[in-house]
$ cat upload.cif   # mmCIF, C-alpha atoms and all ligand atoms
data_upload
loop_
_atom_site.label_atom_id
_atom_site.label_comp_id
_atom_site.auth_asym_id
_atom_site.auth_seq_id
_atom_site.Cartn_x
_atom_site.Cartn_y
_atom_site.Cartn_z
CA MET A 1 87.68 39.59 -59.53
CA ILE A 2 87.99 35.83 -59.22
CA GLU A 3 85.51 33.79 -61.21
CA ILE A 4 84.77 30.09 -60.82
CA GLY A 5 84.22 28.05 -63.96
CA GLU A 6 85.37 25.40 -66.38
CA LEU A 7 88.01 25.62 -69.08
CA PRO A 8 87.63 24.06 -72.54
CA ALA A 9 89.84 21.10 -73.48
CA ASP A 10 91.93 23.42 -75.68
CA ARG A 11 93.22 25.09 -72.50
CA TRP A 12 94.80 21.80 -71.35
CA LYS A 13 98.26 23.40 -71.17
CA ASP A 14 97.01 25.95 -68.61
CA TYR A 15 95.62 23.11 -66.56
CA LYS A 16 98.83 21.09 -66.87
CA ASN A 17 100.92 24.09 -65.74
CA LEU A 18 98.77 24.72 -62.66
CA ARG A 19 98.65 21.03 -61.80
CA LEU A 20 102.46 20.70 -62.05
CA GLU A 21 102.83 23.88 -59.97
CA ALA A 22 100.59 22.30 -57.30
CA LEU A 23 102.55 19.03 -57.31
CA GLU A 24 105.87 20.87 -57.08
CA LYS A 25 104.91 23.41 -54.42
CA GLU A 26 102.78 21.16 -52.18
CA PRO A 27 104.27 17.66 -52.58
CA MET A 28 102.67 16.27 -49.43
CA ALA A 29 99.20 17.44 -50.41
CA PHE A 30 98.86 15.18 -53.43
CA GLY A 31 99.30 11.48 -54.08
CA SER A 32 101.04 12.06 -57.40
CA SER A 33 104.39 13.67 -58.28
CA PRO A 34 105.58 16.10 -61.00
CA GLU A 35 107.89 13.37 -62.35
CA GLU A 36 104.91 11.07 -62.90
CA GLU A 37 102.63 13.66 -64.44
CA SER A 38 104.94 15.86 -66.54
CA GLU A 39 105.16 13.14 -69.18
CA LEU A 40 101.42 12.46 -69.44
CA ALA A 41 100.03 12.67 -72.97
CA GLU A 42 98.03 15.65 -74.23
CA GLU A 43 95.03 13.35 -74.56
CA THR A 44 95.11 12.59 -70.82
CA TRP A 45 95.10 16.30 -69.92
CA ARG A 46 92.28 16.98 -72.37
CA LYS A 47 90.25 14.24 -70.74
CA ARG A 48 91.08 15.20 -67.16
CA ILE A 49 90.28 18.90 -67.60
CA MET A 50 86.60 17.95 -68.03
CA ASP A 51 86.43 17.04 -64.32
CA VAL A 52 88.05 20.26 -63.09
CA LEU A 53 86.64 23.55 -61.86
CA PHE A 54 88.96 26.54 -61.93
CA ALA A 55 89.30 29.81 -60.08
CA LEU A 56 90.14 32.35 -62.78
CA ASP A 57 91.77 35.72 -62.24
CA ASP A 58 91.27 37.65 -65.45
CA ASP A 59 91.00 34.28 -67.23
CA GLU A 60 94.24 32.99 -65.69
CA PRO A 61 93.73 29.81 -63.63
CA VAL A 62 94.94 30.35 -60.04
CA GLY A 63 93.05 27.58 -58.27
CA MET A 64 91.27 24.33 -59.03
CA VAL A 65 89.35 21.38 -57.69
CA ALA A 66 88.36 18.16 -59.44
CA TYR A 67 85.20 16.17 -58.83
CA VAL A 68 84.59 12.70 -60.21
CA PHE A 69 81.75 10.23 -60.22
CA GLU A 70 82.52 6.59 -59.57
CA LYS A 71 81.87 4.49 -62.67
CA SER A 72 81.17 1.02 -61.37
CA VAL A 73 77.54 0.06 -60.72
CA LYS A 74 77.97 -0.54 -56.98
CA PHE A 75 79.61 2.84 -56.38
CA LYS A 76 77.53 5.06 -58.66
CA HIS A 77 76.14 6.88 -55.63
CA VAL A 78 79.62 8.12 -54.61
CA ALA A 79 81.52 11.18 -55.84
CA GLY A 80 85.14 12.05 -55.10
CA ILE A 81 86.99 15.33 -54.66
CA TYR A 82 90.69 15.64 -55.46
CA GLY A 83 93.38 17.99 -56.77
CA PHE A 84 92.26 20.91 -54.58
CA TYR A 85 94.75 23.77 -54.91
CA VAL A 86 94.87 27.55 -54.71
CA ARG A 87 98.06 29.45 -55.66
CA ALA A 88 99.77 30.80 -52.53
CA GLY A 89 99.14 34.52 -53.17
CA TYR A 90 95.39 33.89 -53.50
CA ARG A 91 94.84 31.89 -50.30
CA GLY A 92 92.90 32.95 -47.24
CA GLN A 93 90.39 35.00 -49.30
CA GLY A 94 87.66 32.40 -49.68
CA VAL A 95 88.71 31.19 -53.15
CA GLY A 96 89.11 27.57 -51.99
CA SER A 97 85.73 27.62 -50.24
CA ARG A 98 84.05 28.98 -53.36
CA LEU A 99 85.65 26.28 -55.51
CA LEU A 100 84.52 23.55 -53.13
CA GLU A 101 80.97 24.92 -52.81
CA GLU A 102 80.60 25.08 -56.58
CA ALA A 103 81.92 21.53 -56.96
CA LEU A 104 79.39 20.35 -54.37
CA ARG A 105 76.58 22.24 -56.11
CA ARG A 106 77.41 20.48 -59.37
CA ILE A 107 77.72 17.10 -57.67
CA ARG A 108 74.25 17.60 -56.13
CA MET A 109 72.81 18.03 -59.62
CA ASN A 110 73.54 14.34 -60.13
CA LYS A 111 70.62 12.95 -58.14
CA ALA A 112 72.24 9.49 -57.91
CA ILE A 113 74.95 10.83 -55.60
CA ILE A 114 74.42 10.51 -51.87
CA LYS A 115 78.01 10.69 -50.66
CA VAL A 116 81.16 12.70 -51.44
CA LYS A 117 84.54 11.53 -50.23
CA LEU A 118 88.15 12.69 -50.20
CA ALA A 119 91.52 12.14 -48.56
CA VAL A 120 93.77 14.77 -47.00
CA ILE A 121 97.11 14.79 -45.18
CA SER A 122 96.66 15.48 -41.45
CA GLU A 123 99.05 18.45 -41.60
CA GLN A 124 97.05 20.31 -44.25
CA ARG A 125 95.14 22.24 -41.59
CA GLU A 126 93.77 24.89 -43.98
CA ALA A 127 92.39 22.20 -46.30
CA ILE A 128 90.81 20.27 -43.42
CA GLY A 129 89.27 23.53 -42.16
CA VAL A 130 87.75 24.30 -45.55
CA TYR A 131 86.39 20.74 -45.84
CA GLU A 132 84.87 20.85 -42.34
CA LYS A 133 83.27 24.21 -43.06
CA ALA A 134 81.65 22.61 -46.11
CA GLY A 135 80.23 19.82 -43.94
CA PHE A 136 82.79 17.03 -44.39
CA VAL A 137 83.58 14.88 -41.36
CA VAL A 138 86.61 12.71 -40.66
CA THR A 139 85.75 9.03 -41.03
CA GLY A 140 89.18 7.46 -40.70
CA ARG A 141 92.92 7.85 -40.82
CA SER A 142 95.86 5.88 -42.09
CA GLU A 143 99.24 6.41 -40.43
CA LYS A 144 102.45 6.51 -42.49
CA ASP A 145 100.39 6.34 -45.65
CA LEU A 146 102.19 8.80 -47.91
CA LYS A 147 105.95 9.14 -48.28
CA VAL A 148 107.62 12.25 -49.67
CA GLY A 149 111.40 11.96 -49.57
CA LYS A 150 112.08 10.41 -46.21
CA ARG A 151 109.00 11.80 -44.45
CA LEU A 152 105.89 9.80 -43.82
CA TYR A 153 102.48 11.43 -43.59
CA THR A 154 99.14 10.42 -42.12
CA ARG A 155 96.18 10.48 -44.48
CA MET A 156 92.74 11.40 -43.17
CA PHE A 157 89.61 10.26 -44.93
CA MET A 158 86.66 12.63 -44.95
CA GLU A 159 83.17 12.41 -46.34
CA LYS A 160 79.96 14.33 -46.62
CA MET A 161 76.51 12.83 -46.90
CA LEU A 162 74.42 14.98 -49.19
CA GLY A 163 71.18 16.18 -47.75
CA GLN A 164 72.53 16.24 -44.21
CA THR A 165 72.98 19.56 -42.48
CA ARG A 166 75.16 18.30 -39.62
CA LYS A 167 78.49 20.12 -39.84
CA SER A 168 80.84 17.91 -37.86
CA ARG A 169 81.09 15.20 -35.32
CA PRO A 170 83.93 14.16 -33.02
CA LEU A 171 86.31 11.42 -34.14
CA ALA A 172 85.51 9.18 -31.16
CA PRO A 173 82.18 8.99 -29.33
CA ALA A 174 82.09 11.29 -26.33
CA VAL A 175 82.58 9.53 -22.98
CA ARG A 176 79.96 10.51 -20.44
CA ALA A 177 81.31 11.13 -16.99
CA ILE A 178 79.62 8.93 -14.42
CA GLY A 179 79.11 10.58 -11.06
CA PRO A 180 79.96 9.01 -7.69
C1 LIG B 1 93.42 24.15 -49.12
C2 LIG B 1 93.42 25.37 -50.01
C3 LIG B 1 92.99 24.97 -51.42
C4 LIG B 1 92.44 26.40 -49.44
O1 LIG B 1 92.37 27.49 -50.32
P1 LIG B 1 92.00 28.98 -49.78
O2 LIG B 1 91.66 29.78 -50.97
O3 LIG B 1 93.06 29.48 -48.90
O4 LIG B 1 90.68 28.65 -48.94
P2 LIG B 1 89.79 29.68 -48.11
O5 LIG B 1 90.34 31.05 -48.22
O6 LIG B 1 88.39 29.47 -48.53
O7 LIG B 1 89.92 29.14 -46.62
C5 LIG B 1 91.20 28.98 -46.01
C6 LIG B 1 91.09 28.85 -44.55
O8 LIG B 1 92.42 28.86 -43.97
C7 LIG B 1 92.56 29.98 -43.11
N1 LIG B 1 93.80 30.74 -43.30
C8 LIG B 1 94.29 31.61 -42.44
N2 LIG B 1 95.43 32.12 -42.88
C9 LIG B 1 95.67 31.60 -44.05
C10 LIG B 1 96.70 31.75 -45.00
N3 LIG B 1 97.73 32.58 -44.83
N4 LIG B 1 96.65 31.02 -46.10
C11 LIG B 1 95.63 30.17 -46.31
N5 LIG B 1 94.63 29.99 -45.44
C12 LIG B 1 94.64 30.69 -44.32
C13 LIG B 1 91.44 30.92 -43.46
O9 LIG B 1 91.10 31.59 -42.28
C14 LIG B 1 90.35 30.04 -43.99
O10 LIG B 1 89.48 29.62 -42.98
P3 LIG B 1 88.19 30.54 -42.59
O11 LIG B 1 87.32 30.61 -43.79
O12 LIG B 1 87.58 29.81 -41.47
O13 LIG B 1 88.72 31.86 -42.22
C15 LIG B 1 94.83 26.03 -50.07
O14 LIG B 1 95.24 26.30 -48.73
C16 LIG B 1 95.88 25.16 -50.72
O15 LIG B 1 96.00 25.15 -51.94
N6 LIG B 1 96.66 24.40 -49.92
C17 LIG B 1 97.72 23.55 -50.42
C18 LIG B 1 97.18 22.36 -51.17
C19 LIG B 1 96.29 21.49 -50.31
O16 LIG B 1 96.48 21.31 -49.12
N7 LIG B 1 95.27 20.91 -50.98
C20 LIG B 1 94.36 19.99 -50.34
C21 LIG B 1 94.64 18.62 -50.82
S1 LIG B 1 93.55 17.42 -50.07
#
$ encode --input "upload.cif" --output "structure tokens" --more "lines below"
Ligand SMILES: CC(C)(COP(=O)(O)OP(=O)(O)OC[C@H]1O[C@@H](n2cnc3c(N)ncnc32)[C@H](O)[C@@H]1OP(=O)(O)O)[C@@H](O)C(=O)NCCC(=O)NCCS
Amino acid sequence: MIEIGELPADRWKDYKNLRLEALEKEPMAFGSSPEEESELAEETWRKRIMDVLFALDDDEPVGMVAYVFEKSVKFKHVAGIYGFYVRAGYRGQGVGSRLLEEALRRIRMNKAIIKVKLAVISEQREAIGVYEKAGFVVTGRSEKDLKVGKRLYTRMFMEKMLGQTRKSRPLAPAVRAIGP
């Protein structure tokens, strides 16, 4: 059975391995690369792991999502989601949705937060579907924003206002047909 939970800082190597797996297997899904992160210091992984929720199969991490709170005074009401990944063999079984729901539950416990935001590549249809199901809406897009090898990808920006129940809204306002 898959459990959702944190890992202590001492398990930083498990986190590093899963993070590097994610960066290698899904290069277009993340803004960072294995080359950049493989050399990061132990201290950085120990610090980062505090922001991460894991999906654990018999204590082995097979999925993860990170949530962070903005530090600066003017953005203290905003939280961010990043590093969302589920190992291929575990996808399509609700693990990602459970990770995201638990991250949102924890974010809600911080009463200062009114908004959660994230970015996703337009081709990551499964990820966008999971985000929409959790109540995120698309607020913008940036063409040719991410480059992996020679390919350019469009980044979509999504956000969720906490306390709102509305699930989604169209990208552009609907045009009302005017009769003759
Ligand atoms: C996005 C991701 C974390 C979702 O994880 P997951 O455990 O598959 O999520 P869920 O099972 O909760 O939902 C996946 C959705 O995709 C659909 N899906 C269908 N076939 C699928 C398949 N073979 N694999 C994955 N998803 C599938 C599911 O139907 C589900 O939607 P539904 O709940 O409406 O049925 C995972 O696909 C992933 O790691 N992708 C690559 C990395 C990525 O894109 N990260 C996002 C960065 S912003």
$ residues_around --input "upload.cif" --residues "range 96-102 of chain A" --least-positions-apart "2" --cutoff "9 Å" --atoms "all atoms listed in the file" --output "PyMOL selection string"
chain A and resi 4-5+53-55+63-65+81+84-86+91-94+104-107+127+130-131+133-134
$ axis_aligned_box --input "upload.cif" --around "ligand LIG 1 (chain B)" --padding-each-side "3 Å" --output "AutoDock Vina command-line options"
--center_x 92.5 --center_y 25.0 --center_z -46.7 --size_x 16.4 --size_y 21.2 --size_z 16.5
$ atom_distance --input "upload.cif" --atom1 "CA of Asp145 in chain A" --atom2 "CA of Phe69 in chain A"
24.0 Å
$ closest_residue --input "upload.cif" --among "A:Tyr67, A:Trp45, A:Tyr90, A:Phe157" --to "Leu20 in chain A" --atoms "only C-alpha atoms"
A:Trp45
$ residues_around --input "upload.cif" --residues "Glu21 in chain A" --least-positions-apart "2" --cutoff "12 Å" --atoms "all atoms listed in the file" --output "ChimeraX atom specification"
/A:14-19,23-27,30,33-35,37-38,61-64,83,85-88
$ write_last_selection --input "upload.cif" --atoms "C-alpha atoms" --output "PDB file, keeping the file's coordinate frame"
ATOM      1  CA  ASP A  14      97.010  25.950 -68.610  1.00  0.00           C
ATOM      2  CA  TYR A  15      95.620  23.110 -66.560  1.00  0.00           C
ATOM      3  CA  LYS A  16      98.830  21.090 -66.870  1.00  0.00           C
ATOM      4  CA  ASN A  17     100.920  24.090 -65.740  1.00  0.00           C
ATOM      5  CA  LEU A  18      98.770  24.720 -62.660  1.00  0.00           C
ATOM      6  CA  ARG A  19      98.650  21.030 -61.800  1.00  0.00           C
ATOM      7  CA  LEU A  23     102.550  19.030 -57.310  1.00  0.00           C
ATOM      8  CA  GLU A  24     105.870  20.870 -57.080  1.00  0.00           C
ATOM      9  CA  LYS A  25     104.910  23.410 -54.420  1.00  0.00           C
ATOM     10  CA  GLU A  26     102.780  21.160 -52.180  1.00  0.00           C
ATOM     11  CA  PRO A  27     104.270  17.660 -52.580  1.00  0.00           C
ATOM     12  CA  PHE A  30      98.860  15.180 -53.430  1.00  0.00           C
ATOM     13  CA  SER A  33     104.390  13.670 -58.280  1.00  0.00           C
ATOM     14  CA  PRO A  34     105.580  16.100 -61.000  1.00  0.00           C
ATOM     15  CA  GLU A  35     107.890  13.370 -62.350  1.00  0.00           C
ATOM     16  CA  GLU A  37     102.630  13.660 -64.440  1.00  0.00           C
ATOM     17  CA  SER A  38     104.940  15.860 -66.540  1.00  0.00           C
ATOM     18  CA  PRO A  61      93.730  29.810 -63.630  1.00  0.00           C
ATOM     19  CA  VAL A  62      94.940  30.350 -60.040  1.00  0.00           C
ATOM     20  CA  GLY A  63      93.050  27.580 -58.270  1.00  0.00           C
ATOM     21  CA  MET A  64      91.270  24.330 -59.030  1.00  0.00           C
ATOM     22  CA  GLY A  83      93.380  17.990 -56.770  1.00  0.00           C
ATOM     23  CA  TYR A  85      94.750  23.770 -54.910  1.00  0.00           C
ATOM     24  CA  VAL A  86      94.870  27.550 -54.710  1.00  0.00           C
ATOM     25  CA  ARG A  87      98.060  29.450 -55.660  1.00  0.00           C
ATOM     26  CA  ALA A  88      99.770  30.800 -52.530  1.00  0.00           C
TER      27      ALA A  88
END
$ closest_residue --input "upload.cif" --among "A:Leu40, A:Met161, A:Ile128, A:Met109" --to "ligand LIG 1 (chain B)" --atoms "only C-alpha atoms and all ligand atoms"
A:Ile128
$ residues_around --input "upload.cif" --residues "Val116 in chain A" --least-positions-apart "3" --cutoff "8 Å" --atoms "all atoms listed in the file" --output "list in words"
Val78, Ala79, Gly80, Ile81, Ile113, Glu159, Lys160, Met161 and Leu162 of chain A
$ atom_distance --input "upload.cif" --atom1 "CA of Val52 in chain A" --atom2 "CA of Arg108 in chain A"
15.7 Å
$ closest_residue --input "upload.cif" --among "A:Leu7, A:Val148, A:Ala112, A:Val120" --to "ligand LIG 1 (chain B)" --atoms "only C-alpha atoms and all ligand atoms"
A:Val120
$ closest_residue --input "upload.cif" --among "A:Gly31, A:Phe136, A:Leu146, A:Tyr153" --to "ligand LIG 1 (chain B)" --atoms "only C-alpha atoms and all ligand atoms"
A:Gly31
$ residues_around --input "upload.cif" --residues "Arg48 in chain A" --least-positions-apart "3" --cutoff "9 Å" --atoms "only C-alpha atoms" --output "count of residues only"
8
